[in-house]
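Chemist: Just model_33.cif, nothing more (mmCIF, C-alpha atoms, pLDDT in the B column; chains and numbers go by the auth columns):
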data_work
#
loop_
_atom_site.group_PDB
_atom_site.id
_atom_site.type_symbol
_atom_site.label_atom_id
_atom_site.label_comp_id
_atom_site.label_asym_id
_atom_site.label_seq_id
_atom_site.Cartn_x
_atom_site.Cartn_y
_atom_site.Cartn_z
_atom_site.B_iso_or_equiv
_atom_site.auth_seq_id
_atom_site.auth_asym_id
ATOM 1 C CA MET A 1 -116.508 -135.275 -71.881 32.00 1 A
ATOM 2 C CA ALA A 2 -113.625 -133.099 -73.038 38.00 2 A
ATOM 3 C CA ILE A 3 -114.048 -130.531 -75.758 37.00 3 A
ATOM 4 C CA GLU A 4 -111.148 -130.423 -78.157 41.00 4 A
ATOM 5 C CA MET A 5 -110.294 -127.184 -79.882 43.00 5 A
ATOM 6 C CA THR A 6 -108.552 -127.752 -83.167 45.00 6 A
ATOM 7 C CA GLU A 7 -106.753 -125.305 -85.420 44.00 7 A
ATOM 8 C CA HIS A 8 -109.748 -125.477 -87.779 41.00 8 A
ATOM 9 C CA SER A 9 -112.298 -124.682 -85.044 40.00 9 A
ATOM 10 C CA ILE A 10 -110.327 -121.585 -84.071 41.00 10 A
ATOM 11 C CA GLN A 11 -110.115 -120.205 -87.618 42.00 11 A
ATOM 12 C CA MET A 12 -112.944 -117.740 -87.133 46.00 12 A
ATOM 13 C CA ASP A 13 -113.233 -114.228 -88.422 51.00 13 A
ATOM 14 C CA VAL A 14 -110.802 -112.908 -85.825 54.00 14 A
ATOM 15 C CA ALA A 15 -108.522 -109.902 -86.114 62.00 15 A
ATOM 16 C CA PRO A 16 -105.093 -111.192 -87.204 64.00 16 A
ATOM 17 C CA GLU A 17 -103.474 -109.635 -84.114 65.00 17 A
ATOM 18 C CA LEU A 18 -105.698 -111.710 -81.808 67.00 18 A
ATOM 19 C CA LEU A 19 -105.428 -115.063 -83.582 67.00 19 A
ATOM 20 C CA PRO A 20 -102.191 -116.201 -81.857 72.00 20 A
ATOM 21 C CA LEU A 21 -103.738 -115.529 -78.454 72.00 21 A
ATOM 22 C CA MET A 22 -106.906 -117.367 -79.468 72.00 22 A
ATOM 23 C CA LYS A 23 -104.845 -120.401 -80.496 73.00 23 A
ATOM 24 C CA LEU A 24 -102.941 -120.272 -77.205 76.00 24 A
ATOM 25 C CA ILE A 25 -105.978 -120.819 -74.939 75.00 25 A
ATOM 26 C CA PRO A 26 -106.294 -124.629 -75.416 77.00 26 A
ATOM 27 C CA SER A 27 -102.664 -125.153 -74.395 79.00 27 A
ATOM 28 C CA LEU A 28 -102.890 -123.087 -71.219 80.00 28 A
ATOM 29 C CA ALA A 29 -104.933 -125.504 -69.078 79.00 29 A
ATOM 30 C CA PRO A 30 -102.410 -128.376 -69.347 83.00 30 A
ATOM 31 C CA GLU A 31 -99.586 -125.932 -68.608 83.00 31 A
ATOM 32 C CA LEU A 32 -101.384 -124.688 -65.515 83.00 32 A
ATOM 33 C CA GLY A 33 -101.867 -128.309 -64.423 83.00 33 A
ATOM 34 C CA LYS A 34 -98.091 -128.675 -64.013 88.00 34 A
ATOM 35 C CA GLU A 35 -97.923 -125.870 -61.437 89.00 35 A
ATOM 36 C CA SER A 36 -98.436 -125.901 -57.674 90.00 36 A
ATOM 37 C CA ASP A 37 -101.636 -124.229 -56.458 92.00 37 A
ATOM 38 C CA ARG A 38 -99.727 -121.025 -55.733 91.00 38 A
ATOM 39 C CA GLY A 39 -97.949 -121.189 -59.104 91.00 39 A
ATOM 40 C CA CYS A 40 -101.244 -121.821 -60.864 91.00 40 A
ATOM 41 C CA ALA A 41 -102.866 -118.751 -59.280 92.00 41 A
ATOM 42 C CA LEU A 42 -99.868 -116.555 -60.093 91.00 42 A
ATOM 43 C CA LEU A 43 -99.682 -117.766 -63.681 90.00 43 A
ATOM 44 C CA VAL A 44 -103.409 -117.130 -64.160 91.00 44 A
ATOM 45 C CA GLY A 45 -102.774 -113.523 -63.120 89.00 45 A
ATOM 46 C CA CYS A 46 -100.008 -113.237 -65.732 87.00 46 A
ATOM 47 C CA ILE A 47 -102.212 -114.781 -68.403 88.00 47 A
ATOM 48 C CA LEU A 48 -105.132 -112.458 -67.647 89.00 48 A
ATOM 49 C CA GLU A 49 -102.777 -109.480 -67.727 89.00 49 A
ATOM 50 C CA LYS A 50 -101.468 -110.527 -71.153 86.00 50 A
ATOM 51 C CA TYR A 51 -104.963 -110.985 -72.594 86.00 51 A
ATOM 52 C CA LEU A 52 -106.230 -107.747 -71.060 88.00 52 A
ATOM 53 C CA ARG A 53 -103.272 -105.801 -72.485 85.00 53 A
ATOM 54 C CA ALA A 54 -103.803 -107.344 -75.947 83.00 54 A
ATOM 55 C CA SER A 55 -107.503 -106.519 -75.828 84.00 55 A
ATOM 56 C CA ILE A 56 -106.827 -102.904 -74.892 82.00 56 A
ATOM 57 C CA ALA A 57 -104.236 -102.635 -77.677 81.00 57 A
ATOM 58 C CA GLN A 58 -106.813 -103.941 -80.142 80.00 58 A
ATOM 59 C CA ALA A 59 -109.409 -101.433 -78.952 77.00 59 A
ATOM 60 C CA ILE A 60 -107.351 -98.264 -79.181 75.00 60 A
ATOM 61 C CA ALA A 61 -106.201 -96.479 -82.299 64.00 61 A
ATOM 62 C CA ILE A 62 -102.497 -96.563 -81.439 64.00 62 A
ATOM 63 C CA PRO A 63 -101.748 -100.120 -80.212 59.00 63 A
ATOM 64 C CA ASN A 64 -98.177 -99.392 -79.129 66.00 64 A
ATOM 65 C CA LYS A 65 -99.626 -96.888 -76.644 65.00 65 A
ATOM 66 C CA ALA A 66 -101.545 -99.581 -74.735 61.00 66 A
ATOM 67 C CA SER A 67 -99.053 -99.239 -71.881 61.00 67 A
ATOM 68 C CA HIS A 68 -100.605 -95.837 -71.120 62.00 68 A
ATOM 69 C CA PHE A 69 -103.811 -97.677 -70.259 64.00 69 A
ATOM 70 C CA MET A 70 -102.132 -100.547 -68.424 66.00 70 A
ATOM 71 C CA GLY A 71 -98.514 -100.809 -67.347 62.00 71 A
ATOM 72 C CA ARG A 72 -96.872 -104.100 -66.399 71.00 72 A
ATOM 73 C CA GLY A 73 -98.227 -105.336 -63.094 66.00 73 A
ATOM 74 C CA GLN A 74 -101.050 -102.794 -63.107 75.00 74 A
ATOM 75 C CA ILE A 75 -103.927 -105.099 -63.868 82.00 75 A
ATOM 76 C CA GLY A 76 -106.329 -103.045 -61.737 84.00 76 A
ATOM 77 C CA LYS A 77 -105.607 -100.011 -63.924 82.00 77 A
ATOM 78 C CA GLY A 78 -106.062 -102.202 -67.001 85.00 78 A
ATOM 79 C CA ILE A 79 -109.463 -103.398 -65.799 89.00 79 A
ATOM 80 C CA GLU A 80 -110.590 -99.807 -65.209 88.00 80 A
ATOM 81 C CA SER A 81 -109.237 -98.739 -68.599 84.00 81 A
ATOM 82 C CA ALA A 82 -110.987 -101.620 -70.375 86.00 82 A
ATOM 83 C CA GLU A 83 -114.251 -100.683 -68.713 88.00 83 A
ATOM 84 C CA CYS A 84 -113.818 -96.990 -69.650 83.00 84 A
ATOM 85 C CA LEU A 85 -113.039 -97.961 -73.246 81.00 85 A
ATOM 86 C CA GLY A 86 -116.287 -99.955 -73.382 85.00 86 A
ATOM 87 C CA LEU A 87 -114.347 -103.173 -73.829 87.00 87 A
ATOM 88 C CA ILE A 88 -115.901 -104.831 -70.777 89.00 88 A
ATOM 89 C CA SER A 89 -119.012 -104.271 -68.687 90.00 89 A
ATOM 90 C CA ALA A 90 -119.111 -103.463 -64.982 92.00 90 A
ATOM 91 C CA VAL A 91 -119.983 -107.116 -64.329 92.00 91 A
ATOM 92 C CA ASP A 92 -116.965 -108.269 -66.363 93.00 92 A
ATOM 93 C CA ALA A 93 -114.773 -105.848 -64.408 93.00 93 A
ATOM 94 C CA LYS A 94 -116.107 -107.283 -61.148 94.00 94 A
ATOM 95 C CA ALA A 95 -115.322 -110.825 -62.359 93.00 95 A
ATOM 96 C CA LEU A 96 -111.784 -109.854 -63.377 94.00 96 A
ATOM 97 C CA LYS A 97 -111.164 -108.095 -60.048 95.00 97 A
ATOM 98 C CA ALA A 98 -112.452 -111.094 -58.085 94.00 98 A
ATOM 99 C CA THR A 99 -110.252 -113.463 -60.107 94.00 99 A
ATOM 100 C CA ILE A 100 -107.212 -111.272 -59.510 93.00 100 A
ATOM 101 C CA GLN A 101 -108.085 -111.058 -55.806 94.00 101 A
ATOM 102 C CA ILE A 102 -107.748 -114.848 -55.553 94.00 102 A
ATOM 103 C CA ARG A 103 -104.394 -114.556 -57.335 93.00 103 A
ATOM 104 C CA ASN A 104 -103.340 -111.840 -54.882 92.00 104 A
ATOM 105 C CA ASP A 105 -104.376 -113.984 -51.918 91.00 105 A
ATOM 106 C CA PHE A 106 -101.910 -116.622 -53.081 91.00 106 A
ATOM 107 C CA ALA A 107 -99.198 -114.102 -53.960 88.00 107 A
ATOM 108 C CA HIS A 108 -99.249 -111.857 -50.927 86.00 108 A
ATOM 109 C CA VAL A 109 -100.178 -114.174 -48.074 80.00 109 A
ATOM 110 C CA ALA A 110 -97.231 -116.040 -46.617 77.00 110 A
ATOM 111 C CA GLU A 111 -99.443 -118.872 -45.462 77.00 111 A
ATOM 112 C CA PRO A 112 -97.643 -122.198 -45.803 79.00 112 A
ATOM 113 C CA GLY A 113 -99.628 -124.823 -47.634 77.00 113 A
ATOM 114 C CA LYS A 114 -102.237 -122.418 -49.007 85.00 114 A
ATOM 115 C CA SER A 115 -104.263 -124.339 -51.556 91.00 115 A
ATOM 116 C CA PHE A 116 -107.422 -124.298 -53.597 91.00 116 A
ATOM 117 C CA SER A 117 -108.887 -126.900 -51.250 92.00 117 A
ATOM 118 C CA SER A 118 -108.962 -124.489 -48.303 91.00 118 A
ATOM 119 C CA PRO A 119 -112.507 -123.399 -47.387 91.00 119 A
ATOM 120 C CA GLU A 120 -111.884 -119.670 -47.924 92.00 120 A
ATOM 121 C CA VAL A 121 -110.425 -120.214 -51.407 92.00 121 A
ATOM 122 C CA GLU A 122 -113.250 -122.593 -52.354 92.00 122 A
ATOM 123 C CA LYS A 123 -115.765 -119.972 -51.202 91.00 123 A
ATOM 124 C CA ALA A 124 -114.007 -117.294 -53.305 93.00 124 A
ATOM 125 C CA VAL A 125 -114.011 -119.562 -56.381 92.00 125 A
ATOM 126 C CA VAL A 126 -117.725 -120.288 -55.972 89.00 126 A
ATOM 127 C CA GLY A 127 -118.192 -116.525 -55.645 89.00 127 A
ATOM 128 C CA LEU A 128 -116.673 -116.037 -59.111 89.00 128 A
ATOM 129 C CA TYR A 129 -119.485 -118.005 -60.688 87.00 129 A
ATOM 130 C CA SER A 130 -122.153 -116.121 -58.731 85.00 130 A
ATOM 131 C CA ILE A 131 -121.049 -112.860 -60.366 86.00 131 A
ATOM 132 C CA TYR A 132 -122.728 -113.882 -63.615 81.00 132 A
ATOM 133 C CA ARG A 133 -125.474 -116.147 -62.267 79.00 133 A
ATOM 134 C CA HIS A 134 -127.408 -116.211 -59.046 67.00 134 A
ATOM 135 C CA GLY A 135 -128.189 -119.384 -57.153 62.00 135 A
ATOM 136 C CA ASP A 136 -126.309 -122.272 -55.618 65.00 136 A
ATOM 137 C CA HIS A 137 -122.951 -122.764 -57.292 68.00 137 A
ATOM 138 C CA ALA A 138 -121.491 -125.457 -55.068 68.00 138 A
ATOM 139 C CA ALA A 139 -121.634 -127.819 -58.071 72.00 139 A
ATOM 140 C CA VAL A 140 -118.782 -125.875 -59.707 75.00 140 A
ATOM 141 C CA LEU A 141 -116.478 -127.508 -57.169 80.00 141 A
ATOM 142 C CA GLN A 142 -117.198 -131.054 -58.382 80.00 142 A
ATOM 143 C CA ALA A 143 -113.989 -131.024 -60.420 80.00 143 A
ATOM 144 C CA GLY A 144 -112.236 -129.072 -57.663 87.00 144 A
ATOM 145 C CA ALA A 145 -111.792 -125.391 -56.897 91.00 145 A
ATOM 146 C CA ARG A 146 -108.552 -125.221 -58.845 91.00 146 A
ATOM 147 C CA GLN A 147 -110.113 -126.557 -62.052 89.00 147 A
ATOM 148 C CA ALA A 148 -113.098 -124.238 -61.599 90.00 148 A
ATOM 149 C CA TYR A 149 -110.724 -121.262 -61.139 90.00 149 A
ATOM 150 C CA VAL A 150 -108.693 -122.160 -64.241 90.00 150 A
ATOM 151 C CA SER A 151 -111.837 -122.712 -66.336 88.00 151 A
ATOM 152 C CA PHE A 152 -113.343 -119.413 -65.212 89.00 152 A
ATOM 153 C CA SER A 153 -110.094 -117.540 -65.875 90.00 153 A
ATOM 154 C CA LEU A 154 -109.614 -118.982 -69.361 87.00 154 A
ATOM 155 C CA SER A 155 -113.234 -118.130 -70.125 88.00 155 A
ATOM 156 C CA LEU A 156 -112.440 -114.534 -69.159 90.00 156 A
ATOM 157 C CA CYS A 157 -109.497 -114.614 -71.595 88.00 157 A
ATOM 158 C CA SER A 158 -111.840 -115.751 -74.370 86.00 158 A
ATOM 159 C CA LEU A 159 -114.337 -113.068 -73.381 87.00 159 A
ATOM 160 C CA LEU A 160 -111.650 -110.373 -73.554 88.00 160 A
ATOM 161 C CA LEU A 161 -110.608 -111.483 -77.030 84.00 161 A
ATOM 162 C CA ALA A 162 -114.194 -111.676 -78.256 84.00 162 A
ATOM 163 C CA ARG A 163 -114.993 -108.203 -76.941 84.00 163 A
ATOM 164 C CA ALA A 164 -111.779 -106.774 -78.420 81.00 164 A
ATOM 165 C CA ASP A 165 -112.588 -108.322 -81.774 77.00 165 A
ATOM 166 C CA GLN A 166 -116.085 -106.792 -81.729 79.00 166 A
ATOM 167 C CA ILE A 167 -115.007 -103.278 -80.868 73.00 167 A
ATOM 168 C CA THR A 168 -114.142 -100.863 -83.640 60.00 168 A
ATOM 169 C CA ARG A 169 -110.811 -99.190 -83.188 57.00 169 A
ATOM 170 C CA ARG A 170 -111.150 -95.543 -82.415 56.00 170 A
ATOM 171 C CA ALA A 171 -109.293 -93.521 -85.031 58.00 171 A
ATOM 172 C CA PRO A 172 -107.084 -90.740 -83.703 58.00 172 A
ATOM 173 C CA PRO A 173 -108.419 -87.247 -84.361 56.00 173 A
ATOM 174 C CA ALA A 174 -107.098 -85.616 -87.520 59.00 174 A
ATOM 175 C CA ASP A 175 -106.597 -82.229 -85.875 62.00 175 A
ATOM 176 C CA LEU A 176 -107.432 -80.149 -82.826 64.00 176 A
ATOM 177 C CA LYS A 177 -110.839 -79.128 -84.202 64.00 177 A
ATOM 178 C CA GLU A 178 -111.904 -82.755 -84.628 61.00 178 A
ATOM 179 C CA LEU A 179 -110.680 -83.528 -81.115 57.00 179 A
ATOM 180 C CA THR A 180 -112.666 -80.660 -79.573 61.00 180 A
ATOM 181 C CA ASP A 181 -115.740 -81.647 -81.597 61.00 181 A
ATOM 182 C CA ARG A 182 -115.489 -85.201 -80.300 54.00 182 A
ATOM 183 C CA MET A 183 -115.045 -83.991 -76.734 54.00 183 A
ATOM 184 C CA PHE A 184 -118.052 -81.649 -77.062 53.00 184 A
ATOM 185 C CA PHE A 185 -120.313 -84.461 -78.304 51.00 185 A
ATOM 186 C CA TRP A 186 -118.982 -86.838 -75.651 49.00 186 A
ATOM 187 C CA TRP A 187 -119.836 -84.425 -72.823 49.00 187 A
ATOM 188 C CA PHE A 188 -123.350 -83.776 -74.101 49.00 188 A
ATOM 189 C CA ARG A 189 -124.315 -87.237 -75.288 49.00 189 A
ATOM 190 C CA ASP A 190 -127.418 -88.907 -73.834 45.00 190 A
#
Would you encode the structure as structure tokens?
Modeler:
Amino acid sequence: MAIEMTEHSIQMDVAPELLPLMKLIPSLAPELGKESDRGCALLVGCILEKYLRASIAQAIAIPNKASHFMGRGQIGKGIESAECLGLISAVDAKALKATIQIRNDFAHVAEPGKSFSSPEVEKAVVGLYSIYRHGDHAAVLQAGARQAYVSFSLSLCSLLLARADQITRRAPPADLKELTDRMFFWWFRD
């Protein structure tokens, strides 16, 4: 049974900056279906990078400075920054890193014919699902490792947007005194 996301179902109370990305998610799966396995994995990495960058921009007070937290192609730095900003949990960071590791395995291994049906990739995809839940996750492969990878990745995109929408932007300090006061309270907080 397929779930259809319509324009109406997406019209939630979402920050206006995030709404275009929210509307984009339903169209990504069919687009990924047109790619080879390698292309699919690489494109997922690009998509996650885009959503992570947008989430960081939403969370900080000066959105055009998001590149300081995550430059192009520096998704590892972006994951660490998002975790430090309180945008994602340590478990979310682990899930993002594991998803990107699968992408990197496709991108940086010159193995001809590498596919989602190979045992090591299937094992890595099943491992993604075990990050959030313990137990036997072999059932996630019923639709295939590729579909499970795409579904998991797009769920992470939705998670990033939801977390970014929940976080209150941090206002920049008005002056040096306010900045030092904030730093003092940050160092000595519980």
Chemist: Hey, can you check how far atom CA of Gly76 of chain A sits from atom CA of Asp165 of chain A?
Modeler: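 Calculated distance between atom CA of Gly76 of chain A and atom CA of Asp165 of chain A is 21.6 Å.
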Chemist: I need the residue nearest Ala143 of chain A from this list: A:Phe116, A:Leu48, A:Asp37, A:Val91. Use all atoms listed in the file for the distance.
Modeler: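 Between A:Phe116, A:Leu48, A:Asp37, A:Val91, the residue approaching Ala143 of chain A most closely is A:Phe116.
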Chemist: Just say which residues the PyMOL selection byres ((chain A and resi 102) around 10) picks in this file, as a ChimeraX atom specification.
Modeler: /A:41-42,44-45,97-101,103-107,116,120-121,124-125,128,149
Chemist: Could you check which of A:Ala93, A:Met22, A:Gln147, A:Arg38 is closest to Gly113 of chain A, using all atoms listed in the file?
Modeler: A:Arg38
Chemist: List the spatial neighbours of Lys50 of chain A as number ranges by chain - criterion: any atom at most 12 Å away, all atoms listed in the file, same-chain residues fewer than 2 positions off excluded.
Modeler: A: 18, 21, 24-25, 43-48, 52-57, 66-67, 70-75, 78-79, 154, 156-157, 160-161
Chemist: To one decimal place, how far is atom CA of Ser36 of chain A from atom CA of Lys114 of chain A in Å?
Modeler: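 Separation of atom CA of Ser36 of chain A and atom CA of Lys114 of chain A: 10.1 Å.
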Chemist: In Å to one decimal, how far is atom CA of Glu35 of chain A from atom CA of Val126 of chain A?
Modeler: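 Those two atoms sit 21.3 Å apart.
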Chemist: Got a minute to add N, CA and C atoms to segment 34-65 of chain A and dump it as an mmCIF file, in the coordinates of the input?
Modeler:
data_model
loop_
_atom_site.group_PDB
_atom_site.id
_atom_site.type_symbol
_atom_site.label_atom_id
_atom_site.label_comp_id
_atom_site.auth_asym_id
_atom_site.auth_seq_id
_atom_site.Cartn_x
_atom_site.Cartn_y
_atom_site.Cartn_z
ATOM 1 N N LYS A 34 -99.434 -128.293 -64.457
ATOM 2 C CA LYS A 34 -98.091 -128.675 -64.013
ATOM 3 C C LYS A 34 -97.630 -127.866 -62.804
ATOM 4 N N GLU A 35 -98.334 -126.787 -62.495
ATOM 5 C CA GLU A 35 -97.923 -125.870 -61.437
ATOM 6 C C GLU A 35 -98.496 -126.275 -60.076
ATOM 7 N N SER A 36 -97.861 -125.776 -59.014
ATOM 8 C CA SER A 36 -98.436 -125.901 -57.674
ATOM 9 C C SER A 36 -99.669 -125.006 -57.621
ATOM 10 N N ASP A 37 -100.455 -125.091 -56.565
ATOM 11 C CA ASP A 37 -101.636 -124.229 -56.458
ATOM 12 C C ASP A 37 -101.226 -122.754 -56.500
ATOM 13 N N ARG A 38 -100.198 -122.417 -55.752
ATOM 14 C CA ARG A 38 -99.727 -121.025 -55.733
ATOM 15 C C ARG A 38 -99.233 -120.619 -57.132
ATOM 16 N N GLY A 39 -98.449 -121.470 -57.765
ATOM 17 C CA GLY A 39 -97.949 -121.189 -59.104
ATOM 18 C C GLY A 39 -99.069 -121.046 -60.116
ATOM 19 N N CYS A 40 -100.086 -121.871 -59.972
ATOM 20 C CA CYS A 40 -101.244 -121.821 -60.864
ATOM 21 C C CYS A 40 -101.948 -120.468 -60.731
ATOM 22 N N ALA A 41 -102.180 -120.026 -59.511
ATOM 23 C CA ALA A 41 -102.866 -118.751 -59.280
ATOM 24 C C ALA A 41 -102.042 -117.583 -59.822
ATOM 25 N N LEU A 42 -100.735 -117.632 -59.604
ATOM 26 C CA LEU A 42 -99.868 -116.555 -60.093
ATOM 27 C C LEU A 42 -99.825 -116.524 -61.614
ATOM 28 N N LEU A 43 -99.732 -117.691 -62.224
ATOM 29 C CA LEU A 43 -99.682 -117.766 -63.681
ATOM 30 C C LEU A 43 -100.996 -117.299 -64.309
ATOM 31 N N VAL A 44 -102.118 -117.609 -63.664
ATOM 32 C CA VAL A 44 -103.409 -117.130 -64.160
ATOM 33 C C VAL A 44 -103.416 -115.602 -64.180
ATOM 34 N N GLY A 45 -102.857 -114.983 -63.138
ATOM 35 C CA GLY A 45 -102.774 -113.523 -63.120
ATOM 36 C C GLY A 45 -101.967 -112.990 -64.291
ATOM 37 N N CYS A 46 -100.843 -113.644 -64.592
ATOM 38 C CA CYS A 46 -100.008 -113.237 -65.732
ATOM 39 C C CYS A 46 -100.750 -113.399 -67.053
ATOM 40 N N ILE A 47 -101.461 -114.499 -67.175
ATOM 41 C CA ILE A 47 -102.212 -114.781 -68.403
ATOM 42 C C ILE A 47 -103.313 -113.736 -68.602
ATOM 43 N N LEU A 48 -104.069 -113.457 -67.540
ATOM 44 C CA LEU A 48 -105.132 -112.458 -67.647
ATOM 45 C C LEU A 48 -104.560 -111.088 -67.998
ATOM 46 N N GLU A 49 -103.420 -110.754 -67.422
ATOM 47 C CA GLU A 49 -102.777 -109.480 -67.727
ATOM 48 C C GLU A 49 -102.414 -109.409 -69.213
ATOM 49 N N LYS A 50 -101.862 -110.489 -69.733
ATOM 50 C CA LYS A 50 -101.468 -110.527 -71.153
ATOM 51 C C LYS A 50 -102.681 -110.355 -72.067
ATOM 52 N N TYR A 51 -103.770 -111.060 -71.764
ATOM 53 C CA TYR A 51 -104.963 -110.985 -72.594
ATOM 54 C C TYR A 51 -105.653 -109.633 -72.457
ATOM 55 N N LEU A 52 -105.634 -109.060 -71.271
ATOM 56 C CA LEU A 52 -106.230 -107.747 -71.060
ATOM 57 C C LEU A 52 -105.439 -106.688 -71.831
ATOM 58 N N ARG A 53 -104.117 -106.762 -71.765
ATOM 59 C CA ARG A 53 -103.272 -105.801 -72.485
ATOM 60 C C ARG A 53 -103.500 -105.920 -74.004
ATOM 61 N N ALA A 54 -103.571 -107.139 -74.510
ATOM 62 C CA ALA A 54 -103.803 -107.344 -75.947
ATOM 63 C C ALA A 54 -105.173 -106.823 -76.367
ATOM 64 N N SER A 55 -106.152 -106.998 -75.518
ATOM 65 C CA SER A 55 -107.503 -106.519 -75.828
ATOM 66 C C SER A 55 -107.554 -105.004 -75.858
ATOM 67 N N ILE A 56 -106.876 -104.370 -74.916
ATOM 68 C CA ILE A 56 -106.827 -102.904 -74.892
ATOM 69 C C ILE A 56 -106.097 -102.396 -76.137
ATOM 70 N N ALA A 57 -104.987 -103.039 -76.483
ATOM 71 C CA ALA A 57 -104.236 -102.635 -77.677
ATOM 72 C C ALA A 57 -105.092 -102.749 -78.924
ATOM 73 N N GLN A 58 -105.936 -103.758 -78.987
ATOM 74 C CA GLN A 58 -106.813 -103.941 -80.142
ATOM 75 C C GLN A 58 -107.888 -102.853 -80.190
ATOM 76 N N ALA A 59 -108.298 -102.383 -79.021
ATOM 77 C CA ALA A 59 -109.409 -101.433 -78.952
ATOM 78 C C ALA A 59 -109.008 -99.995 -79.215
ATOM 79 N N ILE A 60 -107.748 -99.660 -79.008
ATOM 80 C CA ILE A 60 -107.351 -98.264 -79.181
ATOM 81 C C ILE A 60 -106.725 -98.046 -80.553
ATOM 82 N N ALA A 61 -106.679 -96.805 -80.951
ATOM 83 C CA ALA A 61 -106.201 -96.479 -82.299
ATOM 84 C C ALA A 61 -104.697 -96.632 -82.449
ATOM 85 N N ILE A 62 -103.959 -96.500 -81.365
ATOM 86 C CA ILE A 62 -102.497 -96.563 -81.439
ATOM 87 C C ILE A 62 -102.044 -97.709 -80.528
ATOM 88 N N PRO A 63 -102.014 -98.946 -81.041
ATOM 89 C CA PRO A 63 -101.748 -100.120 -80.212
ATOM 90 C C PRO A 63 -100.462 -100.060 -79.388
ATOM 91 N N ASN A 64 -99.413 -99.427 -79.901
ATOM 92 C CA ASN A 64 -98.177 -99.392 -79.129
ATOM 93 C C ASN A 64 -98.274 -98.428 -77.943
ATOM 94 N N LYS A 65 -99.392 -97.769 -77.787
ATOM 95 C CA LYS A 65 -99.626 -96.888 -76.644
ATOM 96 C C LYS A 65 -100.491 -97.568 -75.577
#
